[in-house]
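Let me begin by presenting the structure, written as structure tokens, before commenting on it.
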Amino acid sequence: METGPRGSGRVEAIDLESYVRDVVVGEISVGPRDGALAEDVYAAQAIIARTYALAVRGRHAADGFDLCSTTHCQVYARDQWRRSRWAAQVDAAVARTRGQYLASGGRPIEAVFHAHCGGHTSTAAEVWRSAGASYLRGVPDPYCVREQAGDWSSRLDLETLRTALNRRPRTEVGGRLDGIQVLRRDGGGRVVELALSGDRSPVVTAEDFRLAVIGAAGASRMRSARLDIAREGPDLVFTGRGSGHGVGLCQIGLIGRIRAGHSVAQTLAAYYAGVDLVQMGGT
Ligand SMILES: [Zn+2]
Ligand SMILES: [Zn+2]
């Protein structure tokens, strides 16, 4: 496979397994006292990284390489796994899962994941208004909240919020922002649709709203769309749980399930319903 940092013009050839080993250490961190869990946690993340690489490979065919090294594809830096506290476990996890990936209908799945679902994952079609793959559907997840509560809150004044929303065409409100109303939540309690009222009053997805807020004010302002919104004078107060978009695998839940003694295969099956764990080469 060939990978090239966007814009650097440098293209590196690297075998898939080495690529996976360098990607996984940047995608999940395992605590200093959790050495006993590290190999299984990285094994699950390795299967996801391999699946994702196979699914999006060729995305940059027109640029002359397979994958870029930024978040657009997967963040990659050569030999970064060696600097991990858990380098030996990472190496063992990748070797143990060599060639394994998740498939649906014979094709690598869209193996999306997030940090902490807050107690229930969400269906892709609800969060992104995309067609949504059948295996990306919301499931209850008691394991992440048992692992860490994931509660957060933040405060933002309407003027700062207005400026943030105006930076993106989909959330543009113009010269005035009067308020925000939650229109719809999904089955797991995540906000999926909001009405903004101002000069313009668009109905927006909660993910578009969240991306506008964090793009302008920082990721800690709105960790997830599993939240409540209250007005306090010129401010809006957001109170929420979890972190990330909530679709696919929940990483804190992954750690919690491995801690509870679940296998890597059971854990992946819990978040990606009905998919197959298959071996490259078809064995
Ligand atoms: Zn890319
Ligand atoms: Zn979770």
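Lettering and numbering for the structure tokens are positional, with chains as A, B, ... in the shown order, residues counted from 1 in each chain, and ligands counted from 1 in the shown order.
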Checklist entry - Quick one: residues within 7 Å of segment 271-274 of chain A, only C-alpha atoms counted, chain neighbours fewer than 4 positions away excluded, as a PyMOL selection string? => result chain A and resi 135-136+248-249+267
Preceding selection exported with C-alpha atoms as an mmCIF file, in the first residue's frame:
```cif
data_model
loop_
_atom_site.group_PDB
_atom_site.id
_atom_site.type_symbol
_atom_site.label_atom_id
_atom_site.label_comp_id
_atom_site.auth_asym_id
_atom_site.auth_seq_id
_atom_site.Cartn_x
_atom_site.Cartn_y
_atom_site.Cartn_z
ATOM 1 C CA TYR A 135 -24.563 -2.706 10.673
ATOM 2 C CA LEU A 136 -24.235 0.897 11.954
ATOM 3 C CA GLY A 248 -20.112 2.315 15.430
ATOM 4 C CA LEU A 249 -17.697 1.137 18.097
ATOM 5 C CA THR A 267 -16.840 -7.019 21.514
#
```
Checklist entry - Could you list, as a ChimeraX atom specification, all the residues within 6 Å of ligand 2, counting only C-alpha atoms and all ligand atoms? => result /A:116-120,141,144,250,253
Item to check | Contacts to ligand 1 at 8 Å cut-off (only C-alpha atoms and all ligand atoms) as a ChimeraX atom specification | outcome: /A:6,59-60,67-74
Using only C-alpha atoms, please write the residues we just selected to a file, as a compact mmCIF listing (two decimals), in the first residue's frame.
```
# COMPACT_ATOMS: atom_id res chain seq x y z
CA ARG A 6 -1.42 15.42 2.08
CA ARG A 59 -9.53 7.07 -2.22
CA HIS A 60 -6.42 8.97 -3.41
CA LEU A 67 -4.19 6.65 1.72
CA CYS A 68 -3.07 9.99 3.14
CA SER A 69 -1.56 10.23 6.64
CA THR A 70 -4.03 12.73 8.12
CA THR A 71 -7.43 12.31 9.80
CA HIS A 72 -8.96 12.39 6.30
CA CYS A 73 -7.88 8.74 6.02
CA GLN A 74 -6.10 7.56 9.18
```
Distance table requested - segment 115-219 of chain A against segment 231-246 of chain A, cut-off 6 Å, only C-alpha atoms: one row per qualifying residue with the closest atom pair and its distance in Å to one decimal, ordered by chain and rising residue number, as a tab-separated table.
```
residue	atom	partner	partner_atom	distance
A:Ala115	CA	A:Ser243	CA	5.5
A:His116	CA	A:Gly242	CA	4.7
A:Cys117	CA	A:Gly246	CA	4.8
A:Gly118	CA	A:Gly242	CA	4.0
A:Thr121	CA	A:Gly246	CA	5.0
A:Ser122	CA	A:Gly246	CA	5.4
A:Gly150	CA	A:Gly242	CA	4.9
A:Asp151	CA	A:Arg241	CA	4.3
A:Trp152	CA	A:Gly240	CA	5.4
A:Ser153	CA	A:Thr239	CA	4.3
A:Ser154	CA	A:Phe238	CA	5.3
A:Arg155	CA	A:Val237	CA	4.5
A:Leu156	CA	A:Leu236	CA	5.4
A:Asp157	CA	A:Asp235	CA	4.0
A:Leu158	CA	A:Asp235	CA	5.8
```
With C-alpha atoms retained, could you export that selection as a PDB file, in the first residue's frame?
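As a result, again_15.pdb now contains:
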```
ATOM      1  CA  ALA A 115     -14.464   7.772  22.081  1.00  0.00           C
ATOM      2  CA  HIS A 116     -17.483   7.357  24.413  1.00  0.00           C
ATOM      3  CA  CYS A 117     -21.116   6.843  23.410  1.00  0.00           C
ATOM      4  CA  GLY A 118     -22.509   7.888  26.797  1.00  0.00           C
ATOM      5  CA  THR A 121     -24.628   4.180  20.387  1.00  0.00           C
ATOM      6  CA  SER A 122     -26.515   5.765  17.485  1.00  0.00           C
ATOM      7  CA  GLY A 150     -18.182  10.771  30.741  1.00  0.00           C
ATOM      8  CA  ASP A 151     -20.335  13.660  32.006  1.00  0.00           C
ATOM      9  CA  TRP A 152     -19.458  17.145  30.825  1.00  0.00           C
ATOM     10  CA  SER A 153     -20.922  20.631  30.711  1.00  0.00           C
ATOM     11  CA  SER A 154     -20.019  23.910  29.072  1.00  0.00           C
ATOM     12  CA  ARG A 155     -21.334  27.426  28.653  1.00  0.00           C
ATOM     13  CA  LEU A 156     -21.304  29.537  25.524  1.00  0.00           C
ATOM     14  CA  ASP A 157     -22.752  33.001  24.972  1.00  0.00           C
ATOM     15  CA  LEU A 158     -25.140  33.461  22.066  1.00  0.00           C
TER      16      LEU A 158
END
```
Next on the checklist: Which residues are close to segment 88-97 of chain A, i.e. within 10 Å by only C-alpha atoms, leaving aside same-chain residues fewer than 2 positions away? Reply as an MDAnalysis selection string.
Outcome noted: chainID A and resid 17:18 20:22 24:25 35:47 50 81:82 84:86 99:101 279
Checklist outcome for this item: note - atom CA of Arg226 of chain A and atom CA of Ile109 of chain A are separated by 25.2 Å
Item to check | atom CA of Pro140 of chain A to atom CA of Ala269 of chain A, distance in Å rounded to a single decimal | outcome: 13.2 Å
Between segment 123-151 of chain A and segment 201-207 of chain A, at 12 Å or less, what are the per-residue closest atom pairs and their distances in Å? Count only C-alpha atoms, order by chain and rising residue number, and return it as CSV.
```
residue,atom,partner,partner_atom,distance
A:Ala124,CA,A:Glu207,CA,11.1
A:Ala125,CA,A:Thr205,CA,11.3
A:Glu126,CA,A:Thr205,CA,8.9
A:Val127,CA,A:Glu207,CA,6.6
A:Trp128,CA,A:Glu207,CA,7.2
A:Arg129,CA,A:Thr205,CA,8.1
A:Ser130,CA,A:Thr205,CA,11.5
```
Those residues with C-alpha atoms, as an mmCIF file, in the first residue's frame please?
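Saved to result_36.cif:
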```cif
data_model
loop_
_atom_site.group_PDB
_atom_site.id
_atom_site.type_symbol
_atom_site.label_atom_id
_atom_site.label_comp_id
_atom_site.auth_asym_id
_atom_site.auth_seq_id
_atom_site.Cartn_x
_atom_site.Cartn_y
_atom_site.Cartn_z
ATOM 1 C CA ALA A 124 -25.613 6.240 11.186
ATOM 2 C CA ALA A 125 -28.685 7.190 9.172
ATOM 3 C CA GLU A 126 -29.997 9.287 12.096
ATOM 4 C CA VAL A 127 -26.720 11.064 12.888
ATOM 5 C CA TRP A 128 -25.504 11.761 9.365
ATOM 6 C CA ARG A 129 -28.734 11.616 7.346
ATOM 7 C CA SER A 130 -26.903 9.234 5.045
#
```
Item to check | Interatomic distance (Å, one decimal) between atom CA of Ile229 of chain A and atom CA of Ile252 of chain A | outcome: 24.7 Å
Item to check | Nearest-residue call for Ala103 of chain A, choices A:His262, A:Ala55, A:Gly198, A:Leu177, using only C-alpha atoms | outcome: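 Once distances to Ala103 of chain A are computed over only C-alpha atoms, the minimum belongs to A:Ala55.
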Next on the checklist: To test your reading of the structure, identify every residue in segment 103-231 of chain A that backbone DSSP assigns to helix (DSSP H, G or I), and report it as number ranges by chain.
Outcome noted: A: 124-128, 142-147, 158-166, 169-171, 206-217, 219-221
Write the residues of the preceding selection, restricted to N, CA and C atoms, as a short mmCIF file (atom, residue, chain, number, x, y, z; two decimals), in the first residue's frame.
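again17.cif written:
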```
data_model
loop_
_atom_site.label_atom_id
_atom_site.label_comp_id
_atom_site.auth_asym_id
_atom_site.auth_seq_id
_atom_site.Cartn_x
_atom_site.Cartn_y
_atom_site.Cartn_z
N ALA A 124 -26.27 5.32 12.13
CA ALA A 124 -25.61 6.24 11.19
C ALA A 124 -26.62 7.09 10.42
N ALA A 125 -27.70 6.47 9.99
CA ALA A 125 -28.69 7.19 9.17
C ALA A 125 -29.31 8.36 9.95
N GLU A 126 -29.43 8.22 11.27
CA GLU A 126 -30.00 9.29 12.10
C GLU A 126 -28.99 10.43 12.29
N VAL A 127 -27.73 10.06 12.54
CA VAL A 127 -26.72 11.06 12.89
C VAL A 127 -26.26 11.84 11.66
N TRP A 128 -26.08 11.13 10.55
CA TRP A 128 -25.50 11.76 9.36
C TRP A 128 -26.49 11.96 8.22
N PRO A 142 -23.87 -0.34 28.33
CA PRO A 142 -23.62 -0.02 29.73
C PRO A 142 -22.13 -0.02 30.09
N TYR A 143 -21.28 -0.54 29.20
CA TYR A 143 -19.88 -0.78 29.57
C TYR A 143 -19.04 0.50 29.64
N CYS A 144 -19.33 1.47 28.76
CA CYS A 144 -18.53 2.70 28.79
C CYS A 144 -18.83 3.53 30.04
N VAL A 145 -20.10 3.65 30.39
CA VAL A 145 -20.44 4.49 31.55
C VAL A 145 -19.98 3.85 32.86
N ARG A 146 -19.89 2.51 32.87
CA ARG A 146 -19.34 1.82 34.02
C ARG A 146 -17.82 2.09 34.11
N GLU A 147 -17.19 2.20 32.97
CA GLU A 147 -15.73 2.43 32.89
C GLU A 147 -15.39 3.87 33.30
N LEU A 158 -24.46 33.52 23.36
CA LEU A 158 -25.14 33.46 22.07
C LEU A 158 -24.34 34.14 20.95
N GLU A 159 -23.61 35.21 21.31
CA GLU A 159 -22.86 35.94 20.29
C GLU A 159 -21.69 35.10 19.75
N THR A 160 -20.99 34.41 20.67
CA THR A 160 -19.91 33.52 20.24
C THR A 160 -20.47 32.39 19.37
N LEU A 161 -21.62 31.89 19.82
CA LEU A 161 -22.25 30.80 19.08
C LEU A 161 -22.70 31.26 17.69
N ARG A 162 -23.25 32.46 17.61
CA ARG A 162 -23.69 32.99 16.32
C ARG A 162 -22.51 33.06 15.34
N THR A 163 -21.38 33.59 15.83
CA THR A 163 -20.19 33.69 14.98
C THR A 163 -19.74 32.30 14.51
N ALA A 164 -19.78 31.34 15.44
CA ALA A 164 -19.38 29.97 15.09
C ALA A 164 -20.30 29.38 14.03
N LEU A 165 -21.60 29.58 14.20
CA LEU A 165 -22.57 29.00 13.27
C LEU A 165 -22.46 29.63 11.88
N ASN A 166 -22.10 30.92 11.84
CA ASN A 166 -22.01 31.61 10.56
C ASN A 166 -20.80 31.20 9.72
N PRO A 169 -21.96 27.17 5.94
CA PRO A 169 -23.20 27.48 5.21
C PRO A 169 -24.44 26.76 5.78
N ARG A 170 -24.28 25.50 6.20
CA ARG A 170 -25.45 24.75 6.66
C ARG A 170 -26.04 25.28 7.96
N THR A 171 -25.21 25.97 8.77
CA THR A 171 -25.71 26.42 10.07
C THR A 171 -25.80 27.95 10.15
N ALA A 206 -27.73 17.64 14.46
CA ALA A 206 -26.95 17.93 15.66
C ALA A 206 -25.46 17.81 15.36
N GLU A 207 -25.07 16.91 14.44
CA GLU A 207 -23.65 16.78 14.12
C GLU A 207 -23.13 18.03 13.39
N ASP A 208 -23.92 18.59 12.49
CA ASP A 208 -23.50 19.84 11.84
C ASP A 208 -23.36 20.95 12.87
N PHE A 209 -24.31 21.01 13.79
CA PHE A 209 -24.28 22.01 14.86
C PHE A 209 -23.02 21.82 15.72
N ARG A 210 -22.77 20.56 16.11
CA ARG A 210 -21.62 20.27 16.98
C ARG A 210 -20.30 20.61 16.27
N LEU A 211 -20.21 20.26 14.98
CA LEU A 211 -18.97 20.53 14.25
C LEU A 211 -18.73 22.04 14.12
N ALA A 212 -19.82 22.80 13.96
CA ALA A 212 -19.67 24.26 13.88
C ALA A 212 -19.16 24.81 15.22
N VAL A 213 -19.72 24.32 16.32
CA VAL A 213 -19.33 24.80 17.64
C VAL A 213 -17.88 24.43 17.95
N ILE A 214 -17.51 23.17 17.73
CA ILE A 214 -16.16 22.77 18.11
C ILE A 214 -15.11 23.33 17.15
N GLY A 215 -15.51 23.57 15.89
CA GLY A 215 -14.58 24.16 14.93
C GLY A 215 -14.18 25.56 15.36
N ALA A 216 -15.11 26.29 15.98
CA ALA A 216 -14.83 27.67 16.37
C ALA A 216 -14.40 27.80 17.83
N ALA A 217 -14.94 26.95 18.71
CA ALA A 217 -14.73 27.17 20.14
C ALA A 217 -13.95 26.06 20.83
N ALA A 219 -13.03 21.52 20.98
CA ALA A 219 -13.74 20.25 21.13
C ALA A 219 -14.39 20.10 22.50
N SER A 220 -13.83 20.75 23.54
CA SER A 220 -14.36 20.56 24.88
C SER A 220 -15.71 21.27 25.07
N ARG A 221 -16.08 22.17 24.14
CA ARG A 221 -17.34 22.91 24.27
C ARG A 221 -18.55 22.02 24.05
#
```
Could you tell me, as a PDB file with C-alpha atoms, in the first residue's frame, which residues of segment 158-218 of chain A DSSP assigns to strand (DSSP E or B) when given the backbone?
```
ATOM      1  CA  LEU A 177     -29.361  34.434  16.952  1.00  0.00           C
ATOM      2  CA  ASP A 178     -32.395  34.284  19.248  1.00  0.00           C
ATOM      3  CA  GLY A 179     -32.374  30.685  20.371  1.00  0.00           C
ATOM      4  CA  ILE A 180     -32.017  26.998  19.744  1.00  0.00           C
ATOM      5  CA  GLN A 181     -34.572  24.258  20.100  1.00  0.00           C
ATOM      6  CA  VAL A 182     -34.102  20.499  20.157  1.00  0.00           C
ATOM      7  CA  LEU A 183     -36.476  19.043  17.566  1.00  0.00           C
ATOM      8  CA  ARG A 184     -35.701  15.364  17.696  1.00  0.00           C
ATOM      9  CA  ARG A 185     -33.685  12.741  19.577  1.00  0.00           C
ATOM     10  CA  VAL A 191     -30.066  14.880  19.780  1.00  0.00           C
ATOM     11  CA  VAL A 192     -30.262  14.435  16.015  1.00  0.00           C
ATOM     12  CA  GLU A 193     -32.080  17.578  14.863  1.00  0.00           C
ATOM     13  CA  LEU A 194     -32.169  21.183  16.054  1.00  0.00           C
ATOM     14  CA  ALA A 195     -33.994  24.337  15.002  1.00  0.00           C
ATOM     15  CA  LEU A 196     -31.943  27.540  15.072  1.00  0.00           C
ATOM     16  CA  SER A 197     -33.796  30.829  15.162  1.00  0.00           C
ATOM     17  CA  GLY A 198     -32.262  34.084  14.025  1.00  0.00           C
ATOM     18  CA  VAL A 203     -33.182  23.164  10.792  1.00  0.00           C
ATOM     19  CA  VAL A 204     -29.802  21.449  11.211  1.00  0.00           C
ATOM     20  CA  THR A 205     -28.470  18.055  12.201  1.00  0.00           C
TER      21      THR A 205
END
```
Checklist outcome for this item: Shortest contact to Val275 of chain A, candidates A:Gly105, A:Gly256, A:Gly175, A:Gly31, atoms counted only C-alpha atoms, goes to A:Gly105
Checklist entry - Nearest to Ser104 of chain A among A:Asp276, A:Gly187, A:Ala87, A:Val75, with distances taken over only C-alpha atoms: which residue is it? => result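 Of A:Asp276, A:Gly187, A:Ala87, A:Val75, the one nearest Ser104 of chain A is A:Asp276, counting only C-alpha atoms.
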